[in-house]
Amino acid sequence: VEPAVPAKPLPVAELHLHIEGTLQPELIFALAERNGIELPYSGLDELREKYEFTDLQSFLDLYYANMAVLRTEQDFADMTRAYLERAAAAGVRHAEIMMDPQAHLSRGISLEACVSGVASVLATSEDEFGISTILIAAFLRDLPEESALEVLDQLLAMDAPIGAIGLDSAEVGNPPSKFERLYAKAREAGLRLTAHAGEEGPASYIYEALDILGVERIDHGIRCMDDPELVERLVDARVPLTVCPLSNVRLRAVDTLADHPLPAMLAAGLNVSVNSDDPAYFGGYVDDNFAQLTAVFELSDFDKARLAANSIHSSFATEERKAELV
Ligand code: ADE
Ligand code: ZN
């Protein structure tokens with residue numbers, strides 16, 4: 001009898017990950033204690049009971065509330081290190097990490113503290129964890145464009161080590177077209193461009209992200225399946241869609257994992273990858289997403305290899321780094 005060897009995870013790139021969404025309940029309590037913050041939960045169990053979401057907004061309410069424990073540069077560094085350790089075990093070899101600077105500025109945290117805390121750990125990630133990284137400044141679409149423009153200016157003025165911008169938070173009612181000037185400015189500054197579109201919002205938001213913002217990649221994008229013409233365009237242009245299956249289930253964008261459009265998206269020839277979004281909130285990291293997909297859909301090794309290759313080719317890594325990873 002062969003000894004059971006744990007399956008080595010496929011090397012993948014994680015392209016859709018909010019660093020604030022990696023704050024595990026245990027770390028929330030540890031940081032609260034370190035910072036003398038009183039949490040509105042009696043303990044871990046009471047906090048864990050809150051992780052029952054009905055839609056995107058019900059999650060966002062808890063996600064923003066829990067950020068209260070992030071006060072110092074060290075807090076941001078500890079959160080980032082914990083993610084990279086776990087991601088390495090999941091087989092992640094390249095990570096493009098979003099952070100929400102406006103969610104920290106509005107709480108009185110300096111841009112320096114949040115950016116340096118995350119970036120200082122990313123700087124040594126390839127040596128320490130074998131994970132190359134790119135930091136993405138994500139802007140909150142439920143705030144005015146003026147706020148995003150101001151923060152982008154500040155990030156550029158401080159020469160923050162960001163490689164791209166993204167657009168997140170409450171989607172419906174905040175279409176990509178609201179951020180045309182932000183994306184023009186970021187493009188001019190040489191930044192790569194991505195945006196959440198078609199998570200809860202309609203397929204028309206995906207067109208807007210492509211045509212008005214000029215994004216290179218769409219975060220989520222599952223609602224493209226409502227629009228066959230859009231699917232054809234996305235297939236022809238090989239537009240990457242960073243899909244987050246467990247997130248979609250937990251936020252009720254789909255009823256169950258068995259109802260997830262990922263297999264149909266693969267069959268349609270879309271350039272999809274598998275990502276964890278906010279793994280501390282949605283019940284799993286990239287390896288957990290793959291494991292649950294495999295259990296429900298009997299994904300073939302060929303499908304899994306294609307998803308992994310898509311993630312690497314769709315990244316903003318250098319061609320040199322991509323060649324090392326495939
Ligand atoms: N911010 C963090 N996670 C998000 C998601 N899944 N959608 C929109 N904004 C987010
Ligand atoms: Zn997201």
# chains A, B, ... in the order shown; residues from 1 in each chain; ligands from 1

$ residues_around --residues "Thr318 in chain A" --least-positions-apart "3" --cutoff "12 Å" --atoms "only C-alpha atoms" --output "list in words"
His94, Ser132, Thr133, Ile134, Gly163, Ile312, His313, Ser314, Ser315, Arg321, Lys322, Ala323, Glu324 and Leu325 of chain A

$ write_last_selection --atoms "C-alpha atoms" --output "short mmCIF file (atom, residue, chain, number, x, y, z; two decimals), in the first residue's frame"
data_model
loop_
_atom_site.label_atom_id
_atom_site.label_comp_id
_atom_site.auth_asym_id
_atom_site.auth_seq_id
_atom_site.Cartn_x
_atom_site.Cartn_y
_atom_site.Cartn_z
CA HIS A 94 2.00 35.26 -6.97
CA SER A 132 5.75 37.58 -5.68
CA THR A 133 3.24 40.35 -5.08
CA ILE A 134 1.61 43.46 -6.49
CA GLY A 163 1.00 48.61 -9.28
CA ILE A 312 -0.79 33.24 -13.99
CA HIS A 313 -1.28 34.57 -17.53
CA SER A 314 -3.93 37.06 -16.33
CA SER A 315 -1.68 38.53 -13.64
CA ARG A 321 7.97 36.02 -13.58
CA LYS A 322 5.06 34.45 -15.48
CA ALA A 323 7.52 32.21 -17.30
CA GLU A 324 8.90 31.01 -13.95
CA LEU A 325 5.41 30.19 -12.71
#

$ residues_near_ligand --ligand "ligand 1" --cutoff "8 Å" --atoms "only C-alpha atoms and all ligand atoms" --output "ChimeraX atom specification"
/A:17-18,20-21,56,60,63,140,167-171,196,199,247-248,251,277-278

$ residues_around --residues "Ala138 in chain A" --least-positions-apart "3" --cutoff "7 Å" --atoms "only C-alpha atoms" --output "JSON, numbers by chain"
{"A": [98, 99, 100, 165, 166, 167, 168]}

$ closest_residue --among "A:Ala195, A:Asn66, A:Asn275, A:Arg181" --to "Glu38 in chain A" --atoms "only C-alpha atoms"
A:Asn66

$ closest_residue --among "A:Tyr205, A:Phe76, A:Phe290, A:Phe282" --to "ligand 2" --atoms "only C-alpha atoms and all ligand atoms"
A:Phe282

$ select_by_dssp --residues "range 206-296 of chain A" --states "strand (DSSP E or B)" --output "number ranges by chain"
A: 217-220, 240-243, 271-274, 277

$ select_by_dssp --residues "range 252-284 of chain A" --states "helix (DSSP H, G or I)" --output "VMD selection string"
chain A and resid 257 to 259 262 to 267 279 to 282

$ closest_residue --among "A:Pro9, A:Leu230, A:Phe302, A:Ile222" --to "Ser204 in chain A" --atoms "only C-alpha atoms"
A:Leu230

$ residues_around --residues "range 104-116 of chain A" --least-positions-apart "6" --cutoff "9 Å" --atoms "only C-alpha atoms" --output "PyMOL selection string"
chain A and resi 67-68+70-77+151+154-155+158+160-161

$ write_last_selection --atoms "C-alpha atoms" --output "PDB file, in the first residue's frame"
ATOM      1  CA  MET A  67     -11.347  47.053  10.531  1.00  0.00           C
ATOM      2  CA  ALA A  68     -11.578  49.085  13.775  1.00  0.00           C
ATOM      3  CA  LEU A  70      -6.323  47.905  12.591  1.00  0.00           C
ATOM      4  CA  ARG A  71      -4.589  50.927  14.150  1.00  0.00           C
ATOM      5  CA  THR A  72      -0.824  50.740  13.670  1.00  0.00           C
ATOM      6  CA  GLU A  73       1.599  49.921  10.882  1.00  0.00           C
ATOM      7  CA  GLN A  74       2.407  46.738  12.827  1.00  0.00           C
ATOM      8  CA  ASP A  75      -1.246  45.665  12.745  1.00  0.00           C
ATOM      9  CA  PHE A  76      -1.320  45.931   8.946  1.00  0.00           C
ATOM     10  CA  ALA A  77       1.997  44.071   8.756  1.00  0.00           C
ATOM     11  CA  VAL A 151      -6.461  59.575  -2.266  1.00  0.00           C
ATOM     12  CA  GLN A 154      -1.786  61.310  -2.176  1.00  0.00           C
ATOM     13  CA  LEU A 155      -0.640  57.793  -3.065  1.00  0.00           C
ATOM     14  CA  MET A 158       4.134  59.630  -1.577  1.00  0.00           C
ATOM     15  CA  ALA A 160       3.405  54.405  -2.734  1.00  0.00           C
ATOM     16  CA  PRO A 161       4.475  51.010  -4.100  1.00  0.00           C
TER      17      PRO A 161
END

$ residues_around --residues "Val121 in chain A" --least-positions-apart "4" --cutoff "8 Å" --atoms "only C-alpha atoms" --output "ChimeraX atom specification"
/A:77,80-81,117,125

$ residues_around --residues "Ala237 in chain A" --least-positions-apart "4" --cutoff "10 Å" --atoms "only C-alpha atoms" --output "PyMOL selection string"
chain A and resi 231-233+270-271
